[in-house]
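Asks: Got a file for you: query27.pdb, PDB, C-alpha atoms.
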ATOM      1  CA  MET A   1     -88.216 -34.403 -36.490
ATOM      2  CA  SER A   2     -87.910 -32.714 -33.171
ATOM      3  CA  LEU A   3     -85.359 -29.994 -32.787
ATOM      4  CA  GLY A   4     -85.776 -30.012 -29.009
ATOM      5  CA  GLN A   5     -83.305 -31.729 -26.746
ATOM      6  CA  ARG A   6     -85.631 -34.048 -24.887
ATOM      7  CA  VAL A   7     -86.186 -37.766 -24.629
ATOM      8  CA  SER A   8     -89.706 -38.370 -25.858
ATOM      9  CA  SER A   9     -90.275 -42.132 -25.705
ATOM     10  CA  ASP A  10     -89.218 -45.429 -24.153
ATOM     11  CA  HIS A  11     -87.679 -46.294 -27.494
ATOM     12  CA  GLN A  12     -85.484 -43.198 -27.566
ATOM     13  CA  LEU A  13     -84.467 -43.660 -23.925
ATOM     14  CA  THR A  14     -83.487 -47.252 -24.688
ATOM     15  CA  ARG A  15     -81.443 -46.188 -27.689
ATOM     16  CA  LEU A  16     -79.567 -43.551 -25.687
ATOM     17  CA  LEU A  17     -78.832 -46.018 -22.897
ATOM     18  CA  GLN A  18     -77.549 -48.470 -25.521
ATOM     19  CA  ILE A  19     -75.244 -45.721 -26.815
ATOM     20  CA  GLY A  20     -74.062 -45.142 -23.226
ATOM     21  CA  ILE A  21     -73.226 -48.831 -22.921
ATOM     22  CA  VAL A  22     -71.226 -48.756 -26.158
ATOM     23  CA  LEU A  23     -69.325 -45.675 -24.955
ATOM     24  CA  GLU A  24     -68.432 -47.521 -21.747
ATOM     25  CA  GLU A  25     -67.353 -50.542 -23.784
ATOM     26  CA  VAL A  26     -65.171 -48.298 -25.952
ATOM     27  CA  VAL A  27     -63.561 -46.806 -22.823
ATOM     28  CA  GLU A  28     -62.964 -50.257 -21.340
ATOM     29  CA  SER A  29     -61.541 -51.636 -24.559
ATOM     30  CA  ARG A  30     -59.312 -48.644 -25.336
ATOM     31  CA  ALA A  31     -57.912 -48.638 -21.784
ATOM     32  CA  ALA A  32     -57.001 -52.313 -22.218
ATOM     33  CA  HIS A  33     -55.546 -51.670 -25.684
ATOM     34  CA  HIS A  34     -53.384 -48.767 -24.523
ATOM     35  CA  LEU A  35     -51.239 -50.872 -22.190
ATOM     36  CA  GLU A  36     -50.992 -53.745 -24.647
ATOM     37  CA  SER A  37     -50.064 -51.400 -27.504
ATOM     38  CA  LEU A  38     -46.889 -50.085 -25.907
ATOM     39  CA  PRO A  39     -43.660 -51.834 -26.923
ATOM     40  CA  GLU A  40     -42.231 -54.108 -24.222
ATOM     41  CA  GLU A  41     -39.433 -51.667 -23.343
ATOM     42  CA  ASP A  42     -41.880 -48.751 -23.013
ATOM     43  CA  ARG A  43     -44.279 -50.696 -20.832
ATOM     44  CA  ALA A  44     -41.753 -50.638 -18.022
ATOM     45  CA  ASP A  45     -41.638 -46.848 -18.302
ATOM     46  CA  VAL A  46     -45.338 -46.545 -17.692
ATOM     47  CA  ASP A  47     -45.385 -45.949 -13.991
ATOM     48  CA  ALA A  48     -47.611 -47.728 -11.541
ATOM     49  CA  GLU A  49     -49.883 -44.717 -11.252
ATOM     50  CA  VAL A  50     -50.817 -44.760 -14.947
ATOM     51  CA  ARG A  51     -51.205 -48.540 -14.940
ATOM     52  CA  ALA A  52     -53.534 -48.303 -11.965
ATOM     53  CA  LEU A  53     -55.492 -45.517 -13.653
ATOM     54  CA  LEU A  54     -56.099 -47.596 -16.781
ATOM     55  CA  ALA A  55     -57.013 -50.686 -14.781
ATOM     56  CA  ASP A  56     -59.425 -48.677 -12.624
ATOM     57  CA  ALA A  57     -60.946 -46.999 -15.688
ATOM     58  CA  ALA A  58     -61.602 -50.363 -17.336
ATOM     59  CA  ALA A  59     -63.131 -51.783 -14.146
ATOM     60  CA  GLU A  60     -65.282 -48.703 -13.595
ATOM     61  CA  SER A  61     -66.561 -48.772 -17.181
ATOM     62  CA  ALA A  62     -67.469 -52.430 -16.808
ATOM     63  CA  GLU A  63     -69.407 -51.591 -13.670
ATOM     64  CA  HIS A  64     -71.192 -48.643 -15.340
ATOM     65  CA  ARG A  65     -72.049 -50.887 -18.250
ATOM     66  CA  GLU A  66     -73.685 -53.411 -15.941
ATOM     67  CA  ARG A  67     -75.799 -50.704 -14.308
ATOM     68  CA  LEU A  68     -76.910 -49.408 -17.716
ATOM     69  CA  GLU A  69     -77.580 -52.938 -18.943
ATOM     70  CA  ALA A  70     -79.932 -53.466 -16.013
ATOM     71  CA  LEU A  71     -81.911 -50.384 -17.111
ATOM     72  CA  VAL A  72     -82.010 -51.526 -20.743
ATOM     73  CA  ASP A  73     -83.123 -54.950 -19.547
ATOM     74  CA  ASP A  74     -85.994 -53.319 -17.650
ATOM     75  CA  LEU A  75     -86.979 -51.680 -20.961
ATOM     76  CA  ASP A  76     -87.090 -55.130 -22.614
ATOM     77  CA  ALA A  77     -84.278 -54.348 -25.033
ATOM     78  CA  GLU A  78     -80.920 -55.890 -25.856
ATOM     79  CA  THR A  79     -77.407 -54.515 -25.870
ATOM     80  CA  VAL A  80     -74.335 -54.985 -28.046
ATOM     81  CA  SER A  81     -71.863 -57.368 -26.422
ATOM     82  CA  TYR A  82     -68.485 -56.182 -25.150
ATOM     83  CA  GLU A  83     -66.749 -58.727 -27.385
ATOM     84  CA  GLU A  84     -68.360 -57.172 -30.453
ATOM     85  CA  ILE A  85     -67.338 -53.616 -29.508
ATOM     86  CA  ASN A  86     -63.869 -54.796 -28.502
ATOM     87  CA  ALA A  87     -63.456 -56.270 -31.994
ATOM     88  CA  LEU A  88     -64.533 -52.958 -33.580
ATOM     89  CA  VAL A  89     -62.087 -51.018 -31.384
ATOM     90  CA  ASP A  90     -59.385 -53.522 -32.285
ATOM     91  CA  ALA A  91     -60.038 -53.131 -36.023
ATOM     92  CA  ARG A  92     -59.523 -49.376 -36.019
ATOM     93  CA  TYR A  93     -57.192 -48.901 -33.048
ATOM     94  CA  GLY A  94     -54.239 -46.587 -33.482
ATOM     95  CA  PRO A  95     -52.018 -46.510 -30.394
ATOM     96  CA  PRO A  96     -51.121 -43.108 -28.911
ATOM     97  CA  ALA A  97     -47.492 -42.107 -29.476
ATOM     98  CA  ASP A  98     -46.517 -42.155 -25.796
ATOM     99  CA  THR A  99     -47.785 -42.203 -22.228
ATOM    100  CA  ASP A 100     -48.945 -38.580 -22.461
ATOM    101  CA  GLY A 101     -51.033 -39.613 -25.475
ATOM    102  CA  VAL A 102     -52.521 -42.452 -23.446
ATOM    103  CA  LEU A 103     -53.441 -40.049 -20.661
ATOM    104  CA  TYR A 104     -54.925 -37.561 -23.105
ATOM    105  CA  ASP A 105     -57.069 -40.274 -24.682
ATOM    106  CA  GLN A 106     -58.200 -41.384 -21.238
ATOM    107  CA  LEU A 107     -59.136 -37.793 -20.380
ATOM    108  CA  CYS A 108     -61.193 -37.609 -23.610
ATOM    109  CA  ASN A 109     -62.929 -40.846 -22.599
ATOM    110  CA  GLU A 110     -63.906 -39.534 -19.177
ATOM    111  CA  GLU A 111     -64.944 -36.094 -20.421
ATOM    112  CA  THR A 112     -66.976 -37.519 -23.281
ATOM    113  CA  ALA A 113     -68.793 -39.917 -20.969
ATOM    114  CA  TYR A 114     -69.477 -37.073 -18.526
ATOM    115  CA  LYS A 115     -70.878 -34.898 -21.323
ATOM    116  CA  PHE A 116     -73.028 -37.760 -22.610
ATOM    117  CA  TYR A 117     -74.622 -38.440 -19.204
ATOM    118  CA  ASP A 118     -75.008 -34.723 -18.515
ATOM    119  CA  ASP A 119     -76.900 -34.211 -21.809
ATOM    120  CA  LEU A 120     -78.971 -37.354 -21.269
ATOM    121  CA  ILE A 121     -80.002 -36.318 -17.756
ATOM    122  CA  GLU A 122     -80.949 -32.872 -19.050
ATOM    123  CA  ALA A 123     -82.944 -34.381 -21.926
ATOM    124  CA  ILE A 124     -84.839 -36.707 -19.573
ATOM    125  CA  GLU A 125     -85.542 -33.889 -17.125
ATOM    126  CA  ALA A 126     -86.825 -31.715 -20.011
ATOM    127  CA  SER A 127     -89.320 -34.419 -21.006
ATOM    128  CA  ASP A 128     -92.698 -35.090 -19.420
ATOM    129  CA  THR A 129     -92.933 -38.518 -21.063
ATOM    130  CA  GLU A 130     -94.155 -41.372 -18.865
ATOM    131  CA  PHE A 131     -91.515 -44.075 -19.255
ATOM    132  CA  SER A 132     -92.256 -47.702 -18.481
ATOM    133  CA  VAL A 133     -89.312 -47.662 -16.067
ATOM    134  CA  ASP A 134     -89.076 -45.554 -12.922
ATOM    135  CA  ARG A 135     -87.818 -42.140 -14.054
ATOM    136  CA  GLU A 136     -86.266 -41.372 -10.654
ATOM    137  CA  HIS A 137     -84.342 -44.627 -10.660
ATOM    138  CA  VAL A 138     -83.008 -43.885 -14.151
ATOM    139  CA  LEU A 139     -81.998 -40.356 -13.142
ATOM    140  CA  GLU A 140     -80.365 -41.564  -9.914
ATOM    141  CA  THR A 141     -78.368 -44.192 -11.788
ATOM    142  CA  LEU A 142     -77.257 -41.758 -14.482
ATOM    143  CA  SER A 143     -76.402 -39.037 -11.944
ATOM    144  CA  ALA A 144     -74.246 -41.456  -9.939
ATOM    145  CA  ILE A 145     -72.402 -42.559 -13.071
ATOM    146  CA  ARG A 146     -71.963 -38.926 -14.166
ATOM    147  CA  ALA A 147     -70.392 -38.069 -10.783
ATOM    148  CA  GLU A 148     -67.919 -40.944 -11.172
ATOM    149  CA  GLU A 149     -67.004 -39.784 -14.680
ATOM    150  CA  LYS A 150     -66.295 -36.319 -13.270
ATOM    151  CA  GLU A 151     -64.048 -37.834 -10.592
ATOM    152  CA  GLY A 152     -62.342 -39.928 -13.255
ATOM    153  CA  ALA A 153     -61.589 -36.854 -15.385
ATOM    154  CA  GLN A 154     -60.173 -35.106 -12.316
ATOM    155  CA  GLU A 155     -57.923 -38.084 -11.532
ATOM    156  CA  VAL A 156     -56.473 -38.024 -15.047
ATOM    157  CA  THR A 157     -55.993 -34.251 -14.877
ATOM    158  CA  ASP A 158     -54.192 -34.584 -11.520
ATOM    159  CA  ILE A 159     -51.801 -37.190 -12.938
ATOM    160  CA  MET A 160     -51.179 -35.075 -16.049
ATOM    161  CA  GLU A 161     -50.372 -32.047 -13.891
ATOM    162  CA  ARG A 162     -47.976 -34.039 -11.698
ATOM    163  CA  ARG A 163     -46.120 -35.227 -14.796
ATOM    164  CA  THR A 164     -45.492 -31.714 -16.174
TER
ATOM    165  CA  MET B 165     -75.640 -31.141 -32.315
ATOM    166  CA  ASN B 166     -77.258 -27.756 -31.698
ATOM    167  CA  THR B 167     -80.184 -26.316 -33.669
ATOM    168  CA  ALA B 168     -78.016 -23.901 -35.690
ATOM    169  CA  ASP B 169     -75.829 -26.782 -36.901
ATOM    170  CA  GLN B 170     -78.905 -28.812 -37.848
ATOM    171  CA  TYR B 171     -80.078 -25.866 -39.982
ATOM    172  CA  LEU B 172     -76.660 -25.414 -41.605
ATOM    173  CA  LYS B 173     -76.615 -29.103 -42.480
ATOM    174  CA  ALA B 174     -80.101 -28.773 -43.968
ATOM    175  CA  VAL B 175     -79.046 -25.753 -46.072
ATOM    176  CA  TYR B 176     -76.046 -27.732 -47.342
ATOM    177  CA  LEU B 177     -78.225 -30.707 -48.312
ATOM    178  CA  ALA B 178     -80.924 -28.498 -49.862
ATOM    179  CA  GLN B 179     -78.294 -26.663 -51.947
ATOM    180  CA  ARG B 180     -77.075 -30.012 -53.237
ATOM    181  CA  LEU B 181     -80.604 -31.286 -53.909
ATOM    182  CA  GLU B 182     -81.622 -28.132 -55.741
ATOM    183  CA  ASP B 183     -78.249 -27.334 -57.254
ATOM    184  CA  GLY B 184     -78.752 -23.755 -56.136
ATOM    185  CA  PRO B 185     -79.959 -21.720 -53.172
ATOM    186  CA  ALA B 186     -81.911 -23.569 -50.476
ATOM    187  CA  ALA B 187     -85.599 -22.606 -50.684
ATOM    188  CA  THR B 188     -87.483 -22.042 -47.439
ATOM    189  CA  GLY B 189     -90.039 -24.757 -48.313
ATOM    190  CA  THR B 190     -87.309 -27.335 -48.921
ATOM    191  CA  LEU B 191     -85.641 -26.494 -45.618
ATOM    192  CA  ALA B 192     -88.992 -26.724 -43.826
ATOM    193  CA  ASP B 193     -89.538 -30.200 -45.342
ATOM    194  CA  ILE B 194     -86.057 -31.429 -44.431
ATOM    195  CA  LEU B 195     -86.268 -30.121 -40.872
ATOM    196  CA  GLY B 196     -89.959 -30.872 -40.288
ATOM    197  CA  VAL B 197     -90.644 -27.351 -39.032
ATOM    198  CA  SER B 198     -92.787 -24.455 -40.298
ATOM    199  CA  PRO B 199     -91.558 -22.026 -42.996
ATOM    200  CA  ALA B 200     -91.883 -19.238 -40.407
ATOM    201  CA  SER B 201     -89.444 -21.065 -38.106
ATOM    202  CA  VAL B 202     -87.040 -21.512 -41.024
ATOM    203  CA  ASN B 203     -87.152 -17.814 -41.890
ATOM    204  CA  GLU B 204     -86.510 -16.845 -38.293
ATOM    205  CA  MET B 205     -83.479 -19.114 -37.965
ATOM    206  CA  ILE B 206     -82.092 -18.194 -41.394
ATOM    207  CA  GLY B 207     -82.218 -14.556 -40.246
ATOM    208  CA  LYS B 208     -80.148 -15.463 -37.175
ATOM    209  CA  LEU B 209     -77.629 -17.428 -39.253
ATOM    210  CA  GLU B 210     -77.381 -14.527 -41.699
ATOM    211  CA  ALA B 211     -76.607 -12.174 -38.803
ATOM    212  CA  GLN B 212     -73.711 -14.499 -37.889
ATOM    213  CA  ASP B 213     -72.428 -14.466 -41.499
ATOM    214  CA  LEU B 214     -73.040 -18.207 -41.829
ATOM    215  CA  VAL B 215     -75.567 -17.902 -44.675
ATOM    216  CA  GLU B 216     -76.493 -15.329 -47.308
ATOM    217  CA  HIS B 217     -80.186 -14.999 -48.021
ATOM    218  CA  GLU B 218     -81.686 -13.647 -51.194
ATOM    219  CA  LYS B 219     -85.404 -12.893 -51.205
ATOM    220  CA  TYR B 220     -87.527 -15.249 -53.373
ATOM    221  CA  LYS B 221     -84.460 -17.401 -54.121
ATOM    222  CA  GLY B 222     -83.254 -18.853 -50.871
ATOM    223  CA  ALA B 223     -80.227 -19.305 -48.631
ATOM    224  CA  ARG B 224     -76.618 -20.096 -49.500
ATOM    225  CA  LEU B 225     -73.883 -21.043 -47.074
ATOM    226  CA  THR B 226     -70.933 -18.694 -46.677
ATOM    227  CA  ASP B 227     -67.456 -20.228 -46.407
ATOM    228  CA  ASP B 228     -67.754 -20.246 -42.596
ATOM    229  CA  GLY B 229     -71.242 -21.740 -42.837
ATOM    230  CA  LEU B 230     -70.012 -24.406 -45.243
ATOM    231  CA  GLU B 231     -67.249 -25.429 -42.842
ATOM    232  CA  ARG B 232     -69.722 -25.826 -39.983
ATOM    233  CA  ALA B 233     -72.223 -27.634 -42.228
ATOM    234  CA  HIS B 234     -69.499 -30.101 -43.275
ATOM    235  CA  HIS B 235     -68.694 -30.814 -39.654
ATOM    236  CA  ALA B 236     -72.387 -31.199 -38.753
ATOM    237  CA  LEU B 237     -72.960 -33.599 -41.644
ATOM    238  CA  GLN B 238     -69.931 -35.667 -40.595
ATOM    239  CA  THR B 239     -71.407 -35.925 -37.095
ATOM    240  CA  TYR B 240     -74.755 -36.942 -38.580
ATOM    241  CA  CYS B 241     -73.038 -39.528 -40.776
ATOM    242  CA  ILE B 242     -71.300 -40.982 -37.706
ATOM    243  CA  ILE B 243     -74.669 -41.317 -35.939
ATOM    244  CA  GLU B 244     -76.291 -42.949 -38.983
ATOM    245  CA  ARG B 245     -73.400 -45.367 -39.497
ATOM    246  CA  PHE B 246     -73.306 -46.219 -35.815
ATOM    247  CA  LEU B 247     -77.043 -46.932 -35.727
ATOM    248  CA  ALA B 248     -77.016 -48.917 -38.984
ATOM    249  CA  ASN B 249     -73.821 -50.927 -38.529
ATOM    250  CA  VAL B 250     -73.283 -51.257 -34.774
ATOM    251  CA  LEU B 251     -76.788 -51.269 -33.313
ATOM    252  CA  GLU B 252     -78.247 -52.670 -36.567
ATOM    253  CA  VAL B 253     -81.199 -50.291 -36.543
ATOM    254  CA  GLU B 254     -83.338 -50.618 -39.675
ATOM    255  CA  GLU B 255     -84.933 -47.184 -39.378
ATOM    256  CA  PHE B 256     -81.518 -45.578 -38.923
ATOM    257  CA  ARG B 257     -82.362 -42.365 -40.807
ATOM    258  CA  GLU B 258     -85.410 -41.569 -38.704
ATOM    259  CA  GLU B 259     -83.612 -42.446 -35.490
ATOM    260  CA  ALA B 260     -80.522 -40.427 -36.425
ATOM    261  CA  ARG B 261     -82.728 -37.386 -37.007
ATOM    262  CA  ALA B 262     -84.410 -37.918 -33.649
ATOM    263  CA  LEU B 263     -81.091 -38.386 -31.829
ATOM    264  CA  GLU B 264     -78.861 -35.786 -33.466
ATOM    265  CA  SER B 265     -80.006 -33.008 -31.113
ATOM    266  CA  VAL B 266     -79.077 -35.107 -28.058
ATOM    267  CA  ILE B 267     -75.706 -36.414 -29.294
ATOM    268  CA  ASP B 268     -72.838 -34.013 -28.692
ATOM    269  CA  ASP B 269     -69.931 -33.724 -31.147
ATOM    270  CA  THR B 270     -67.480 -35.139 -28.600
ATOM    271  CA  VAL B 271     -69.679 -38.223 -28.167
ATOM    272  CA  ALA B 272     -69.892 -38.640 -31.941
ATOM    273  CA  GLU B 273     -66.082 -38.423 -32.135
ATOM    274  CA  ARG B 274     -65.748 -41.327 -29.676
ATOM    275  CA  LEU B 275     -68.300 -43.375 -31.619
ATOM    276  CA  ASP B 276     -66.238 -42.544 -34.717
ATOM    277  CA  THR B 277     -63.386 -44.655 -33.286
ATOM    278  CA  ILE B 278     -65.388 -47.824 -33.969
ATOM    279  CA  ILE B 279     -67.011 -47.049 -37.307
ATOM    280  CA  ASP B 280     -65.564 -47.228 -40.789
ATOM    281  CA  ARG B 281     -65.951 -43.800 -42.398
ATOM    282  CA  ARG B 282     -64.337 -42.653 -45.648
ATOM    283  CA  ALA B 283     -61.753 -39.869 -45.732
ATOM    284  CA  GLU B 284     -63.917 -37.935 -48.210
ATOM    285  CA  CYS B 285     -66.851 -37.729 -45.753
ATOM    286  CA  PRO B 286     -69.179 -35.777 -46.064
ATOM    287  CA  ASP B 287     -68.788 -35.427 -49.866
ATOM    288  CA  CYS B 288     -70.001 -39.016 -50.241
ATOM    289  CA  PHE B 289     -73.270 -38.237 -48.448
ATOM    290  CA  ASP B 290     -76.205 -38.895 -50.796
ATOM    291  CA  ALA B 291     -78.624 -36.020 -50.117
ATOM    292  CA  GLU B 292     -81.542 -37.760 -51.833
ATOM    293  CA  ALA B 293     -81.112 -41.103 -50.093
ATOM    294  CA  ASP B 294     -80.285 -39.279 -46.826
ATOM    295  CA  CYS B 295     -77.274 -41.463 -46.077
ATOM    296  CA  CYS B 296     -73.666 -42.072 -47.091
ATOM    297  CA  GLU B 297     -73.473 -43.658 -50.541
ATOM    298  CA  TYR B 298     -70.921 -46.155 -49.198
ATOM    299  CA  LEU B 299     -73.162 -47.307 -46.368
ATOM    300  CA  GLU B 300     -74.225 -50.828 -47.355
ATOM    301  CA  VAL B 301     -77.809 -50.480 -46.153
ATOM    302  CA  CYS B 302     -78.070 -47.158 -48.002
ATOM    303  CA  SER B 303     -77.336 -48.612 -51.415
ATOM    304  CA  ALA B 304     -79.430 -51.694 -50.624
ATOM    305  CA  ALA B 305     -82.471 -49.470 -50.058
ATOM    306  CA  GLU B 306     -82.146 -47.755 -53.433
TER
END
Kindly return the structure encoded in the file as structure tokens.

Replies:
Amino acid sequence: MSLGQRVSSDHQLTRLLQIGIVLEEVVESRAAHHLESLPEEDRADVDAEVRALLADAAAESAEHRERLEALVDDLDAETVSYEEINALVDARYGPPADTDGVLYDQLCNEETAYKFYDDLIEAIEASDTEFSVDREHVLETLSAIRAEEKEGAQEVTDIMERRT
Amino acid sequence: MNTADQYLKAVYLAQRLEDGPAATGTLADILGVSPASVNEMIGKLEAQDLVEHEKYKGARLTDDGLERAHHALQTYCIIERFLANVLEVEEFREEARALESVIDDTVAERLDTIIDRRAECPDCFDAEADCCEYLEVCSAAE
């Protein structure tokens, strides 16, 4: 067992990318669940800004997932389908109490994804392993996604601040 | 999960396996590191009041150490369950050990939203089998 934080094989890189895909699927699914979970009368209270945020978050996660899936495909591995993860989210989903709860959960989503990509990039950079995929391409893809997660977290924070 | 938390988790499991203080050799086996590395880290954890170390006997978690070890083992359980049940990885123990240093607690908490974990976690963790006793593939392997 290695106690170092580095990615030491194709296999481990694949596994971490698969985890990234699942995280994106969780974000996408939870964003969709949040709007559906609110009672009809409360849905009208959710302003257009929050609706747009959730819709954008779901779309962005889907796009991130596709970029990660392309990398996993290059590594000759498979991924867990969105439908499967959506069913798992559905089985254990507990709706936030109100719109602030929705926003807080969305902030957790963005911050967690950012942290995941940040750690993964660091672990790849700390490794001198020769991967069967182009290391620079992997790092560029992950860095671009990380930057979008950071922007996403900022957007949620801005909305939360405007609401207080 | 950082290195200190991995050690605290190992002390917790070794205490359960040995029903007493965690011997350096046992910790070295669990962590796959040298006894010298174990002694060095145990010294650091002792300085932070997370473990108490008695010469020739071994290490015991303090109350603060136990709390952190519980949390670390819950995170590890989430990773194992996720690998076994969601990604359907057969060698989930080995892979969880390889991945635990790269998976942050916040990431594990998100993964926890899609796995089915008991309220009594981590008490239901089987130290000998190195997995939760309620994990289907854990009992199947016994």

Asks: With 10 Å as the limit and counting only C-alpha atoms, what residues in chain A lie close to chain B? Please list them as an MDAnalysis selection string.

Replies: chainID A and resid 1:8 11:12 15:16 18:20 22:23 26:27 30 78:80 84:94 108:109 111:116 119:120 122:123

Asks: Taking 6 positions as the minimum chain separation for residues in the same chain, which residues sit within 10 Å of Glu300 (chain B) when counting all atoms listed in the file? Answer as JSON, numbers by chain.

Replies: {"B": [245, 248, 249]}

Asks: Anything within 10 Å of (-77.0, -41.7, -14.1): list those residues as a list in words, counting all atoms listed in the file and sticking to the file's coordinates.

Replies: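 The requested residues, written out, are Leu17, His64, Arg67, Leu68, Tyr114, Tyr117, Asp118, Leu120, Ile121, Glu136, His137, Val138, Leu139, Glu140, Thr141, Leu142, Ser143, Ala144, Ile145, Arg146, Ala147 and Glu148 of chain A.
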
Asks: How far is it from CA of Ala291 (chain B) to CA of Leu177 (chain B), in Å with one decimal?

Replies: 5.6 Å

Asks: I need the residue set behind the PyMOL selection byres ((chain B and resi 234) around 9) for this file; please write it as a VMD selection string.

Replies: chain B and resid 172 to 173 176 229 to 233 235 to 239 285 to 287

Asks: Mind checking which residues fall within 10 Å of Leu75 (chain A), counting only C-alpha atoms, ignoring those fewer than 3 positions away in the same chain, and posting them as a list in words?

Replies: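 Here the answer would be Asp10, His11, Leu13, Thr14, Glu69, Ala70, Leu71, Val72, Glu78, Phe131, Ser132 and Val133 of chain A.
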
Asks: Tell me, as number ranges by chain, which residues lie within 6 Å of region 219-222 of chain B, counting only C-alpha atoms; anything in the same chain fewer than 5 positions away does not count.

Replies: B: 185-187

Asks: Restricting it to C-alpha atoms, dump the selection as a CSV table (one decimal), keeping the file's coordinate frame.

Replies:
chain,number,residue,atom,x,y,z
B,185,PRO,CA,-80.0,-21.7,-53.2
B,186,ALA,CA,-81.9,-23.6,-50.5
B,187,ALA,CA,-85.6,-22.6,-50.7

Asks: Tell me which protein, DNA and RNA residues are within 12 Å of Asp290 (chain B), counting all atoms listed in the file, leaving out same-chain ones fewer than 3 positions away, and put them as a list in words.

Replies: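 Residues meeting the cut-off are Tyr176, Leu177, Ala178, Arg180, Leu181, Leu237, Cys241, Cys285, Pro286, Asp287, Ala293, Asp294, Cys295, Cys296, Glu297, Tyr298, Leu299, Cys302, Ser303 and Glu306 of chain B.
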
Asks: Near region 212-217 of chain B, counting all atoms listed in the file, which residues have an atom at most 6 Å away, once you skip same-chain residues fewer than 4 positions from it, shown as a VMD selection string?

Replies: chain B and resid 222 to 226 228 to 229

Asks: What is the CA of Glu110 (chain A) to CA of Phe256 (chain B) distance in Å?

Replies: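 Separation of CA of Glu110 (chain A) and CA of Phe256 (chain B): 27.1 Å.
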
Asks: Quote the spacing between CA of Gly101 (chain A) and CA of Glu244 (chain B) in Å to one decimal place.

Replies: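 Calculated distance between CA of Gly101 (chain A) and CA of Glu244 (chain B) is 28.8 Å.
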
Asks: Let me have the centre and edge lengths in Å, one decimal, of the box along x, y and z around every listed atom of region 197-204 of chain B with 4 Å of margin on each side, as lines of an AutoDock Vina configuration file.

Replies:
center_x = -89.6
center_y = -22.1
center_z = -40.6
size_x = 14.3
size_y = 18.5
size_z = 12.9

Asks: Got a sec to resolve the PyMOL selection byres ((chain A and resi 50-53) around 8) on this structure and send the residues as an MDAnalysis selection string?

Replies: chainID A and resid 35 46:49 54:57 103 156 159

Asks: Please write region 221-235 of chain B of the preceding block to a file containing N, CA and C atoms, as an mmCIF file, in the first residue's frame?

Replies:
data_model
loop_
_atom_site.group_PDB
_atom_site.id
_atom_site.type_symbol
_atom_site.label_atom_id
_atom_site.label_comp_id
_atom_site.auth_asym_id
_atom_site.auth_seq_id
_atom_site.Cartn_x
_atom_site.Cartn_y
_atom_site.Cartn_z
ATOM 1 N N LYS B 221 4.691 -2.538 24.441
ATOM 2 C CA LYS B 221 3.276 -2.967 24.382
ATOM 3 C C LYS B 221 2.614 -2.485 23.094
ATOM 4 N N GLY B 222 2.689 -1.203 22.872
ATOM 5 C CA GLY B 222 2.100 -0.679 21.642
ATOM 6 C C GLY B 222 1.341 0.606 21.850
ATOM 7 N N ALA B 223 0.536 0.968 20.830
ATOM 8 C CA ALA B 223 -0.162 2.256 20.834
ATOM 9 C C ALA B 223 -1.652 2.067 21.102
ATOM 10 N N ARG B 224 -2.221 3.020 21.804
ATOM 11 C CA ARG B 224 -3.670 3.063 22.036
ATOM 12 C C ARG B 224 -4.173 4.439 21.629
ATOM 13 N N LEU B 225 -5.356 4.466 21.062
ATOM 14 C CA LEU B 225 -5.943 5.756 20.676
ATOM 15 C C LEU B 225 -6.452 6.490 21.907
ATOM 16 N N THR B 226 -6.248 7.801 21.941
ATOM 17 C CA THR B 226 -6.906 8.625 22.960
ATOM 18 C C THR B 226 -8.339 8.872 22.485
ATOM 19 N N ASP B 227 -9.137 9.561 23.286
ATOM 20 C CA ASP B 227 -10.514 9.846 22.864
ATOM 21 C C ASP B 227 -10.532 10.656 21.562
ATOM 22 N N ASP B 228 -9.636 11.659 21.472
ATOM 23 C CA ASP B 228 -9.564 12.459 20.240
ATOM 24 C C ASP B 228 -9.118 11.602 19.057
ATOM 25 N N GLY B 229 -8.150 10.723 19.316
ATOM 26 C CA GLY B 229 -7.656 9.834 18.260
ATOM 27 C C GLY B 229 -8.738 8.879 17.792
ATOM 28 N N LEU B 230 -9.528 8.388 18.764
ATOM 29 C CA LEU B 230 -10.607 7.452 18.437
ATOM 30 C C LEU B 230 -11.652 8.127 17.547
ATOM 31 N N GLU B 231 -11.961 9.378 17.855
ATOM 32 C CA GLU B 231 -12.949 10.104 17.051
ATOM 33 C C GLU B 231 -12.460 10.247 15.607
ATOM 34 N N ARG B 232 -11.183 10.607 15.459
ATOM 35 C CA ARG B 232 -10.649 10.757 14.095
ATOM 36 C C ARG B 232 -10.547 9.409 13.386
ATOM 37 N N ALA B 233 -10.198 8.366 14.139
ATOM 38 C CA ALA B 233 -10.089 7.023 13.543
ATOM 39 C C ALA B 233 -11.458 6.548 13.052
ATOM 40 N N HIS B 234 -12.500 6.831 13.846
ATOM 41 C CA HIS B 234 -13.869 6.471 13.440
ATOM 42 C C HIS B 234 -14.214 7.128 12.107
ATOM 43 N N HIS B 235 -13.920 8.413 12.035
ATOM 44 C CA HIS B 235 -14.234 9.174 10.827
ATOM 45 C C HIS B 235 -13.450 8.617 9.630
#
